[in-house]
$ cat start.cif   # mmCIF, C-alpha atoms
data_final
#
loop_
_atom_site.label_atom_id
_atom_site.label_comp_id
_atom_site.auth_asym_id
_atom_site.auth_seq_id
_atom_site.Cartn_x
_atom_site.Cartn_y
_atom_site.Cartn_z
CA MET A 965 26.19 -34.93 -2.37
CA ALA A 966 23.98 -32.41 -0.61
CA ALA A 967 22.77 -29.45 -2.61
CA PRO A 968 24.46 -26.16 -1.70
CA ALA A 969 22.55 -23.95 0.69
CA PRO A 970 20.49 -21.24 -0.99
CA LEU A 971 21.99 -17.79 -1.22
CA THR A 972 20.88 -15.47 1.57
CA ILE A 973 20.00 -12.03 0.20
CA ARG A 974 19.17 -9.17 2.54
CA VAL A 975 17.23 -6.26 1.04
CA VAL A 976 17.59 -3.05 3.05
CA SER A 977 15.67 0.22 2.63
CA ASP A 978 13.67 2.74 4.61
CA GLY A 979 10.51 0.96 3.49
CA ARG A 980 9.25 3.58 1.04
CA ALA A 981 7.85 1.78 -1.98
CA GLY A 982 9.85 3.65 -4.62
CA ILE A 983 13.14 2.96 -2.79
CA ARG A 984 12.37 -0.56 -1.56
CA ASN A 985 11.20 -1.79 -4.96
CA GLN A 986 14.56 -1.02 -6.56
CA ALA A 987 16.52 -3.17 -4.11
CA GLN A 988 13.80 -5.80 -4.00
CA GLY A 989 13.65 -5.97 -7.79
CA LEU A 990 17.39 -6.59 -8.06
CA ALA A 991 17.23 -9.25 -5.33
CA GLU A 992 14.35 -11.02 -7.06
CA ALA A 993 16.25 -10.96 -10.36
CA VAL A 994 19.22 -12.65 -8.64
CA ALA A 995 16.88 -15.21 -7.08
CA ARG A 996 15.49 -16.09 -10.50
CA ARG A 997 18.99 -17.25 -11.45
CA THR A 998 20.03 -19.17 -8.34
CA PRO A 999 18.28 -20.63 -5.29
CA ALA A 1000 17.99 -17.84 -2.74
CA VAL A 1001 16.17 -16.68 0.37
CA ILE A 1002 15.33 -12.98 0.40
CA GLN A 1003 15.17 -11.13 3.72
CA ASP A 1004 13.20 -7.88 3.45
CA ARG A 1005 14.55 -5.55 6.13
CA THR A 1006 14.02 -1.94 7.16
CA VAL A 1007 16.31 0.79 8.48
CA ARG A 1008 15.09 3.93 10.19
CA TRP A 1009 16.90 6.56 12.24
CA ARG A 1010 15.71 8.46 15.26
CA PRO A 1011 14.52 11.89 14.02
CA LEU A 1012 17.25 13.75 15.90
CA PHE A 1013 19.97 11.91 13.95
CA ASP A 1014 18.33 11.28 10.59
CA ALA A 1015 19.99 14.19 8.74
CA LEU A 1016 23.54 13.38 9.87
CA PRO A 1017 26.08 12.33 7.22
CA ALA A 1018 26.51 8.58 6.88
CA ASP A 1019 29.98 8.55 8.44
CA LEU A 1020 28.74 10.22 11.63
CA LYS A 1021 25.91 7.83 12.36
CA ARG A 1022 26.18 5.13 15.03
CA THR A 1023 24.00 2.18 15.92
CA PHE A 1024 22.55 3.83 19.04
CA MET A 1025 20.97 6.40 16.70
CA LEU A 1026 18.83 3.76 14.99
CA ASP A 1027 15.09 3.71 15.50
CA PRO A 1028 14.01 0.60 17.45
CA ALA A 1029 11.92 -0.47 14.42
CA THR A 1030 15.14 -1.16 12.49
CA ASP A 1031 15.72 -4.86 11.84
CA ALA A 1032 18.33 -4.59 9.06
CA LEU A 1033 21.19 -5.78 11.29
CA ASP A 1034 19.30 -8.63 12.96
CA GLY A 1035 20.66 -12.14 12.59
CA PRO A 1036 23.77 -13.55 10.90
CA ALA A 1037 25.29 -11.61 8.04
CA PRO A 1038 23.79 -12.56 4.65
CA ASP A 1039 25.72 -13.71 1.59
CA LEU A 1040 24.49 -10.72 -0.41
CA TRP A 1041 23.49 -7.32 0.94
CA ILE A 1042 21.44 -5.16 -1.46
CA ALA A 1043 20.51 -1.72 -0.14
CA ALA A 1044 18.88 1.40 -1.54
CA GLY A 1045 18.37 4.91 -0.27
CA ARG A 1046 20.22 7.38 1.94
CA ALA A 1047 19.05 5.76 5.18
CA SER A 1048 20.79 2.50 4.31
CA LEU A 1049 24.24 3.95 3.59
CA PRO A 1050 25.76 3.75 7.11
CA LEU A 1051 24.66 0.15 7.46
CA SER A 1052 26.09 -0.78 4.06
CA LEU A 1053 29.44 0.73 5.06
CA TRP A 1054 29.43 -1.09 8.40
CA MET A 1055 28.48 -4.38 6.80
CA ARG A 1056 31.35 -4.15 4.32
CA SER A 1057 33.96 -3.27 6.96
CA ARG A 1058 32.82 -5.18 10.04
CA ALA A 1059 30.63 -8.16 9.19
CA ASP A 1060 32.19 -11.60 9.56
CA PRO A 1061 31.80 -13.33 7.21
CA ARG A 1062 31.50 -10.28 4.99
CA PRO A 1063 28.70 -10.24 2.42
CA LEU A 1064 28.95 -8.78 -1.05
CA VAL A 1065 27.65 -5.26 -0.48
CA VAL A 1066 25.64 -3.81 -3.38
CA GLN A 1067 24.24 -0.30 -3.21
CA VAL A 1068 21.47 0.71 -5.61
CA GLN A 1069 21.36 4.35 -6.81
CA ASP A 1070 24.13 6.94 -6.62
CA PRO A 1071 25.21 6.89 -2.94
CA ARG A 1072 26.81 10.34 -3.16
CA LEU A 1073 29.86 8.68 -1.61
CA ASP A 1074 32.98 7.20 -3.20
CA PRO A 1075 31.70 4.10 -5.03
CA ARG A 1076 34.86 2.24 -3.99
CA ARG A 1077 33.47 2.07 -0.47
CA PHE A 1078 31.00 -0.56 -1.73
CA ASP A 1079 31.59 -3.81 -3.59
CA MET A 1080 29.24 -2.69 -6.34
CA VAL A 1081 27.05 0.31 -7.03
CA VAL A 1082 24.20 -0.29 -9.49
CA ALA A 1083 23.54 3.22 -10.72
CA PRO A 1084 21.46 4.82 -13.46
CA ALA A 1085 23.60 5.77 -16.43
CA HIS A 1086 21.90 9.17 -16.50
CA ASP A 1087 23.52 9.98 -13.13
CA ARG A 1088 26.95 9.81 -14.83
CA LEU A 1089 28.60 7.99 -11.94
CA SER A 1090 31.89 6.32 -12.86
CA GLY A 1091 34.42 3.98 -11.33
CA ASP A 1092 35.48 0.34 -11.24
CA ALA A 1093 32.78 -0.49 -8.69
CA VAL A 1094 29.99 1.12 -10.72
CA PHE A 1095 27.64 -0.93 -12.89
CA GLU A 1096 25.55 1.40 -15.05
CA ILE A 1097 22.05 0.58 -16.23
CA ILE A 1098 19.36 2.46 -18.13
CA GLY A 1099 16.88 3.69 -15.53
CA SER A 1100 16.48 1.95 -12.18
CA PRO A 1101 16.07 -1.67 -11.07
CA HIS A 1102 12.45 -2.70 -10.56
CA ARG A 1103 10.15 -5.65 -9.93
CA ILE A 1104 8.33 -5.72 -13.29
CA THR A 1105 8.58 -9.04 -15.15
CA ALA A 1106 6.44 -10.58 -17.87
CA GLN A 1107 5.48 -13.38 -15.50
CA GLY A 1108 4.57 -10.96 -12.72
CA LEU A 1109 2.34 -8.93 -15.03
CA ALA A 1110 0.60 -12.05 -16.34
CA GLU A 1111 0.00 -13.36 -12.83
CA ALA A 1112 -1.49 -10.04 -11.69
CA ALA A 1113 -3.97 -9.69 -14.55
CA PRO A 1114 -6.65 -12.24 -13.50
CA GLY A 1115 -7.22 -10.45 -10.20
CA PHE A 1116 -8.46 -7.36 -12.04
CA ALA A 1117 -10.05 -9.00 -15.08
CA ASP A 1118 -13.57 -7.97 -14.06
CA ARG A 1119 -12.58 -4.30 -14.31
CA ILE A 1120 -10.37 -4.47 -17.42
CA ASP A 1121 -11.17 -7.31 -19.81
CA ALA A 1122 -14.31 -5.74 -21.27
CA LEU A 1123 -12.63 -2.41 -22.02
CA PRO A 1124 -12.08 -1.46 -25.66
CA HIS A 1125 -8.68 -1.27 -27.33
CA PRO A 1126 -6.40 0.54 -27.50
CA ARG A 1127 -6.06 0.56 -23.74
CA VAL A 1128 -3.92 3.43 -22.50
CA ALA A 1129 -2.15 3.12 -19.15
CA VAL A 1130 -1.31 6.55 -17.75
CA LEU A 1131 1.19 6.85 -14.88
CA ILE A 1132 1.14 10.30 -13.29
CA GLY A 1133 3.90 11.53 -11.00
CA GLY A 1134 4.03 14.88 -9.27
CA ARG A 1135 6.09 17.58 -7.64
CA SER A 1136 9.83 16.97 -7.29
CA GLY A 1137 13.05 18.94 -7.25
CA ALA A 1138 13.07 19.14 -11.04
CA PHE A 1139 9.37 19.23 -11.97
CA ASP A 1140 5.91 20.28 -10.83
CA LEU A 1141 2.36 19.37 -11.75
CA THR A 1142 0.36 22.57 -11.35
CA PRO A 1143 -3.45 22.65 -11.59
CA ARG A 1144 -3.27 24.41 -14.95
CA HIS A 1145 -0.80 21.89 -16.36
CA ALA A 1146 -2.81 18.99 -14.96
CA ALA A 1147 -5.89 20.28 -16.79
CA ASP A 1148 -3.92 20.60 -20.03
CA LEU A 1149 -2.49 17.09 -19.74
CA ALA A 1150 -5.93 15.67 -18.99
CA ASP A 1151 -7.42 17.35 -22.05
CA ARG A 1152 -4.62 16.06 -24.30
CA ILE A 1153 -4.97 12.54 -22.93
CA ALA A 1154 -8.75 12.61 -23.30
CA ALA A 1155 -8.48 13.78 -26.89
CA ALA A 1156 -6.03 11.00 -27.80
CA VAL A 1157 -8.04 8.22 -26.13
CA THR A 1158 -11.29 9.48 -27.64
CA ALA A 1159 -9.84 9.76 -31.14
CA ALA A 1160 -8.58 6.17 -30.91
CA GLY A 1161 -11.84 4.84 -29.49
CA GLY A 1162 -9.92 3.33 -26.59
CA ALA A 1163 -9.98 3.13 -22.81
CA LEU A 1164 -8.05 4.75 -19.97
CA LEU A 1165 -6.18 3.03 -17.11
CA LEU A 1166 -4.93 5.82 -14.84
CA THR A 1167 -2.92 5.71 -11.65
CA PHE A 1168 -1.38 8.53 -9.60
CA SER A 1169 1.77 8.46 -7.47
CA ARG A 1170 2.14 9.51 -3.86
CA ARG A 1171 3.76 12.73 -5.12
CA THR A 1172 0.78 13.83 -7.22
CA PRO A 1173 -0.57 17.07 -5.70
CA PRO A 1174 -4.17 16.64 -4.50
CA ALA A 1175 -5.41 19.54 -6.65
CA ALA A 1176 -3.83 18.07 -9.79
CA ARG A 1177 -5.22 14.64 -8.96
CA ALA A 1178 -8.74 16.01 -8.53
CA ILE A 1179 -8.60 18.03 -11.77
CA MET A 1180 -7.35 15.13 -13.87
CA ALA A 1181 -9.84 12.68 -12.39
CA GLU A 1182 -12.73 15.06 -13.06
CA ARG A 1183 -11.72 15.78 -16.65
CA LEU A 1184 -11.08 12.14 -17.51
CA LYS A 1185 -13.91 10.43 -15.68
CA ALA A 1186 -16.18 10.26 -18.75
CA LEU A 1187 -13.74 8.03 -20.65
CA PRO A 1188 -14.20 4.25 -20.63
CA GLY A 1189 -11.74 2.73 -18.22
CA TRP A 1190 -10.57 2.88 -14.64
CA ILE A 1191 -9.09 5.76 -12.64
CA TRP A 1192 -7.62 4.07 -9.58
CA ASP A 1193 -8.40 6.08 -6.43
CA GLY A 1194 -5.83 4.39 -4.23
CA THR A 1195 -8.23 2.05 -2.45
CA GLY A 1196 -7.92 -1.72 -2.60
CA ASP A 1197 -5.10 -3.66 -4.22
CA ASN A 1198 -2.78 -1.70 -6.49
CA PRO A 1199 -3.65 -2.53 -10.13
CA LEU A 1200 -0.39 -1.21 -11.64
CA PHE A 1201 0.83 -4.60 -12.85
CA ALA A 1202 -2.58 -5.36 -14.37
CA PHE A 1203 -2.64 -1.93 -16.03
CA LEU A 1204 0.76 -2.55 -17.63
CA GLN A 1205 -0.27 -6.03 -18.76
CA ALA A 1206 -3.50 -4.79 -20.34
CA ALA A 1207 -2.08 -1.64 -21.93
CA ASP A 1208 -1.49 -1.13 -25.62
CA HIS A 1209 0.21 2.21 -24.89
CA ILE A 1210 1.80 3.61 -21.73
CA LEU A 1211 1.95 7.34 -20.95
CA VAL A 1212 4.43 8.35 -18.22
CA THR A 1213 5.16 11.80 -16.80
CA GLU A 1214 8.77 12.83 -17.27
CA ASP A 1215 9.52 13.26 -13.55
CA SER A 1216 10.04 9.57 -12.65
CA ALA A 1217 12.96 7.41 -13.71
CA ASN A 1218 11.36 4.44 -11.95
CA MET A 1219 8.08 4.62 -13.86
CA ALA A 1220 9.82 5.11 -17.19
CA ALA A 1221 12.09 2.09 -16.69
CA GLU A 1222 9.16 -0.06 -15.56
CA ALA A 1223 7.10 0.96 -18.58
CA ALA A 1224 9.98 0.26 -20.96
CA SER A 1225 10.35 -3.27 -19.59
CA THR A 1226 7.00 -4.21 -21.16
CA GLY A 1227 8.03 -3.75 -24.81
CA LYS A 1228 5.00 -1.49 -25.32
CA PRO A 1229 5.12 2.07 -26.70
CA VAL A 1230 6.07 4.52 -23.94
CA HIS A 1231 4.95 8.12 -24.45
CA ILE A 1232 6.63 10.71 -22.20
CA LEU A 1233 4.30 13.40 -20.81
CA PRO A 1234 5.84 16.82 -20.14
CA MET A 1235 5.80 18.46 -16.71
CA VAL A 1236 6.40 22.02 -15.50
CA PRO A 1237 10.15 22.59 -14.99
CA ARG A 1238 11.20 23.90 -11.57
CA GLY A 1239 14.85 22.82 -11.44
CA SER A 1240 17.49 21.04 -13.44
CA GLY A 1241 15.96 18.23 -15.44
CA GLY A 1242 19.16 17.29 -17.25
CA LYS A 1243 19.41 13.76 -15.90
CA PHE A 1244 15.83 13.03 -16.92
CA ALA A 1245 16.53 14.32 -20.41
CA ARG A 1246 19.49 11.94 -20.57
CA LEU A 1247 17.32 9.03 -19.41
CA HIS A 1248 14.67 9.76 -22.01
CA ALA A 1249 17.36 9.97 -24.68
CA GLU A 1250 18.63 6.53 -23.60
CA LEU A 1251 15.11 5.10 -23.73
CA ALA A 1252 14.58 6.67 -27.15
CA ALA A 1253 17.85 5.16 -28.40
CA HIS A 1254 16.62 1.76 -27.21
CA GLY A 1255 13.42 2.34 -29.17
CA ALA A 1256 11.20 2.38 -26.10
CA ALA A 1257 10.08 5.97 -25.59
CA ARG A 1258 9.07 9.07 -27.49
CA PRO A 1259 7.61 12.43 -26.41
CA PHE A 1260 3.81 12.37 -26.35
CA ASP A 1261 2.59 14.27 -29.41
CA GLY A 1262 -1.14 13.78 -28.89
CA ARG A 1263 -1.30 10.65 -31.06
CA LEU A 1264 -1.33 7.01 -29.99
CA GLU A 1265 1.13 5.80 -32.58
CA GLY A 1266 2.37 2.25 -32.09
CA TRP A 1267 5.87 0.80 -32.41
CA THR A 1268 7.85 -2.18 -31.16
CA TYR A 1269 11.22 -2.72 -29.47
CA PRO A 1270 12.94 -5.35 -27.30
CA PRO A 1271 11.69 -5.04 -23.71
CA LEU A 1272 14.26 -3.28 -21.53
CA ALA A 1273 15.91 -5.89 -19.27
CA GLU A 1274 18.40 -3.86 -17.27
CA THR A 1275 17.46 -5.36 -13.88
CA ASP A 1276 18.29 -8.81 -15.23
CA ARG A 1277 21.59 -7.55 -16.64
CA ALA A 1278 22.52 -6.08 -13.25
CA ALA A 1279 21.57 -9.32 -11.49
CA GLN A 1280 23.91 -11.27 -13.74
CA ALA A 1281 26.73 -8.85 -12.88
CA VAL A 1282 26.04 -9.34 -9.17
CA LEU A 1283 26.27 -13.12 -9.54
CA GLN A 1284 29.52 -12.77 -11.46
CA ALA A 1285 30.92 -10.63 -8.63
CA LEU A 1286 29.88 -13.28 -6.11
CA ALA A 1287 31.51 -16.00 -8.18
CA ALA A 1288 34.72 -13.99 -8.44
CA ARG A 1289 34.92 -13.96 -4.65
CA GLY A 1290 34.65 -17.73 -4.57
#
$ encode --input "start.cif" --output "structure tokens"
Amino acid sequence: MAAPAPLTIRVVSDGRAGIRNQAQGLAEAVARRTPAVIQDRTVRWRPLFDALPADLKRTFMLDPATDALDGPAPDLWIAAGRASLPLSLWMRSRADPRPLVVQVQDPRLDPRRFDMVVAPAHDRLSGDAVFEIIGSPHRITAQGLAEAAPGFADRIDALPHPRVAVLIGGRSGAFDLTPRHAADLADRIAAAVTAAGGALLLTFSRRTPPAARAIMAERLKALPGWIWDGTGDNPLFAFLQAADHILVTEDSANMAAEAASTGKPVHILPMVPRGSGGKFARLHAELAAHGAARPFDGRLEGWTYPPLAETDRAAQAVLQALAARG
């Protein structure tokens, strides 16, 4: 008897790393459980139509670079981000045969319009189609971290312990990283690493304001370690693998969930409030209840907990939904 054909999974996003990685991470978690082929596809809209509500968009409004609808319909459609919403709705109502349509993140639409919505619990989305997880899906796995480490061994292996990975975000609707606050954070981080006799592994996000980036890099450059300047291959996976502690600014659900998947102490760094940060407070409370995260108090105290495995839990739910459809 011939083996069944591998599952075809189409990952759809606007291509931005923070959005794409959520859908890609869920797809990869499904593929670890069953033979699958993952199609990484992009959706973009012509600028004139980009801001229209999902229900008003039509295919002629798509940017020519869009390839999300190319080829036969997949078995499983996993999409993330506002740009993907119209295509997810079309795929569920018009594709033949119809794939299982999974939307990652709160779509700000009725969840019943999708087969499944994998949403952060801190968004408080409810409904029969909603599968809640702590944080966001991501691509971090123990195997992935271990495989990434050798490529950066020449920069990391000789560094002293404890090694402190620091993941810095930036300005968002809820938080800001002002020059003054960046200087204060840098001084607190420097004091903690120096007191422990350790090393620094620092990376900034695309949202980090240039002034804050420059201030932190200047104030921390004397520490043993590596401040990644954005050139060359991204060492994030190697940083997480090498770290004894992980410090994460409170503005990013993605970074917090990724850090908590390592089983290493996650220290939450405060930011400057500029809007409602209620959902982030709820996320940090969930991570604290799991044993993963605590507010950074200037000390590098260690603790242990089971690595957060919410992406895997969501992948299992997706496979169960596929099985239920026969």
$ closest_residue --input "start.cif" --among "A:Ala1217, A:Val1001, A:Ala1202, A:Leu1211" --to "Phe1244 in chain A" --atoms "only C-alpha atoms"
A:Ala1217
$ closest_residue --input "start.cif" --among "A:Arg1076, A:Asp1039, A:Phe1139, A:Leu1149" --to "Gly1290 in chain A" --atoms "only C-alpha atoms"
A:Asp1039
$ closest_residue --input "start.cif" --among "A:Phe1168, A:Phe1013, A:Trp1192, A:Trp1054" --to "Ser1216 in chain A" --atoms "only C-alpha atoms"
A:Phe1168
$ resolve_selection --input "start.cif" --expression "the PyMOL selection byres ((chain A and resi 1255-1263) around 7)" --output "list in words"
Arg1152, Ala1156, Ala1224, Pro1229, Val1230, His1231, Ile1232, Leu1233, His1248, Leu1251, Ala1252, Ala1253, His1254, Leu1264, Glu1265 and Tyr1269 of chain A
$ atom_distance --input "start.cif" --atom1 "CA of Ala1181 in chain A" --atom2 "CA of Gly1239 in chain A"
26.7 Å
$ closest_residue --input "start.cif" --among "A:Pro1071, A:Gly1227, A:Gly1134, A:Pro1124" --to "Ala1018 in chain A" --atoms "all atoms listed in the file"
A:Pro1071
$ resolve_selection --input "start.cif" --expression "the PyMOL selection byres ((chain A and resi 1085) around 6)" --output "ChimeraX atom specification"
/A:1084,1086-1088,1096-1098
$ atom_distance --input "start.cif" --atom1 "CA of Gly979 in chain A" --atom2 "CA of Trp1009 in chain A"
12.2 Å
$ atom_distance --input "start.cif" --atom1 "CA of Gln1067 in chain A" --atom2 "CA of Ser1225 in chain A"
21.7 Å
$ residues_around --input "start.cif" --residues "Ile1210 in chain A" --least-positions-apart "4" --cutoff "8 Å" --atoms "all atoms listed in the file" --output "list in words"
Val1128, Ala1129, Val1130, Leu1131, Leu1204, Ala1223, Lys1228, Pro1229, Val1230 and His1231 of chain A
$ decode --input "start.cif" --residues "range 1029-1088 of chain A" --atoms "C-alpha atoms" --output "PDB file, in the first residue's frame"
ATOM      1  CA  ALA A1029       4.105  40.290  -5.767  1.00  0.00           C
ATOM      2  CA  THR A1030       1.375  38.287  -4.018  1.00  0.00           C
ATOM      3  CA  ASP A1031       1.714  34.535  -4.524  1.00  0.00           C
ATOM      4  CA  ALA A1032      -0.541  33.314  -1.700  1.00  0.00           C
ATOM      5  CA  LEU A1033      -3.298  32.160  -4.066  1.00  0.00           C
ATOM      6  CA  ASP A1034      -1.031  30.485  -6.627  1.00  0.00           C
ATOM      7  CA  GLY A1035      -1.506  26.796  -7.309  1.00  0.00           C
ATOM      8  CA  PRO A1036      -4.003  24.230  -6.020  1.00  0.00           C
ATOM      9  CA  ALA A1037      -5.579  24.804  -2.634  1.00  0.00           C
ATOM     10  CA  PRO A1038      -3.525  23.308   0.227  1.00  0.00           C
ATOM     11  CA  ASP A1039      -4.773  20.872   2.851  1.00  0.00           C
ATOM     12  CA  LEU A1040      -4.026  23.349   5.628  1.00  0.00           C
ATOM     13  CA  TRP A1041      -3.975  27.130   5.365  1.00  0.00           C
ATOM     14  CA  ILE A1042      -2.200  28.939   8.234  1.00  0.00           C
ATOM     15  CA  ALA A1043      -2.230  32.729   8.014  1.00  0.00           C
ATOM     16  CA  ALA A1044      -1.194  35.603  10.253  1.00  0.00           C
ATOM     17  CA  GLY A1045      -1.638  39.347  10.128  1.00  0.00           C
ATOM     18  CA  ARG A1046      -4.237  41.812   8.872  1.00  0.00           C
ATOM     19  CA  ALA A1047      -3.115  41.557   5.250  1.00  0.00           C
ATOM     20  CA  SER A1048      -3.967  37.859   5.129  1.00  0.00           C
ATOM     21  CA  LEU A1049      -7.546  38.127   6.400  1.00  0.00           C
ATOM     22  CA  PRO A1050      -9.383  38.590   3.066  1.00  0.00           C
ATOM     23  CA  LEU A1051      -7.548  35.643   1.557  1.00  0.00           C
ATOM     24  CA  SER A1052      -8.327  33.434   4.554  1.00  0.00           C
ATOM     25  CA  LEU A1053     -12.024  34.288   4.217  1.00  0.00           C
ATOM     26  CA  TRP A1054     -11.989  33.585   0.480  1.00  0.00           C
ATOM     27  CA  MET A1055     -10.144  30.313   0.934  1.00  0.00           C
ATOM     28  CA  ARG A1056     -12.688  29.092   3.473  1.00  0.00           C
ATOM     29  CA  SER A1057     -15.714  30.021   1.358  1.00  0.00           C
ATOM     30  CA  ARG A1058     -14.541  29.445  -2.214  1.00  0.00           C
ATOM     31  CA  ALA A1059     -11.655  26.991  -2.432  1.00  0.00           C
ATOM     32  CA  ASP A1060     -12.432  23.532  -3.789  1.00  0.00           C
ATOM     33  CA  PRO A1061     -11.397  21.345  -2.117  1.00  0.00           C
ATOM     34  CA  ARG A1062     -11.537  23.586   0.936  1.00  0.00           C
ATOM     35  CA  PRO A1063      -8.539  23.573   3.270  1.00  0.00           C
ATOM     36  CA  LEU A1064      -8.705  23.835   7.025  1.00  0.00           C
ATOM     37  CA  VAL A1065      -8.298  27.583   7.530  1.00  0.00           C
ATOM     38  CA  VAL A1066      -6.350  28.570  10.649  1.00  0.00           C
ATOM     39  CA  GLN A1067      -5.802  32.212  11.532  1.00  0.00           C
ATOM     40  CA  VAL A1068      -3.067  33.129  14.006  1.00  0.00           C
ATOM     41  CA  GLN A1069      -3.637  36.167  16.283  1.00  0.00           C
ATOM     42  CA  ASP A1070      -6.931  37.925  17.022  1.00  0.00           C
ATOM     43  CA  PRO A1071      -8.387  38.679  13.560  1.00  0.00           C
ATOM     44  CA  ARG A1072     -10.690  41.406  14.908  1.00  0.00           C
ATOM     45  CA  LEU A1073     -13.438  39.565  13.049  1.00  0.00           C
ATOM     46  CA  ASP A1074     -15.941  36.956  14.227  1.00  0.00           C
ATOM     47  CA  PRO A1075     -13.796  33.873  14.940  1.00  0.00           C
ATOM     48  CA  ARG A1076     -16.557  31.669  13.503  1.00  0.00           C
ATOM     49  CA  ARG A1077     -15.580  32.894  10.055  1.00  0.00           C
ATOM     50  CA  PHE A1078     -12.457  30.714  10.328  1.00  0.00           C
ATOM     51  CA  ASP A1079     -12.082  27.026  11.096  1.00  0.00           C
ATOM     52  CA  MET A1080      -9.734  27.843  13.961  1.00  0.00           C
ATOM     53  CA  VAL A1081      -8.213  30.953  15.467  1.00  0.00           C
ATOM     54  CA  VAL A1082      -5.033  30.388  17.488  1.00  0.00           C
ATOM     55  CA  ALA A1083      -5.039  33.433  19.732  1.00  0.00           C
ATOM     56  CA  PRO A1084      -3.067  34.632  22.744  1.00  0.00           C
ATOM     57  CA  ALA A1085      -5.006  34.100  25.951  1.00  0.00           C
ATOM     58  CA  HIS A1086      -4.123  37.639  27.008  1.00  0.00           C
ATOM     59  CA  ASP A1087      -6.265  38.972  24.129  1.00  0.00           C
ATOM     60  CA  ARG A1088      -9.343  37.463  25.826  1.00  0.00           C
TER      61      ARG A1088
END
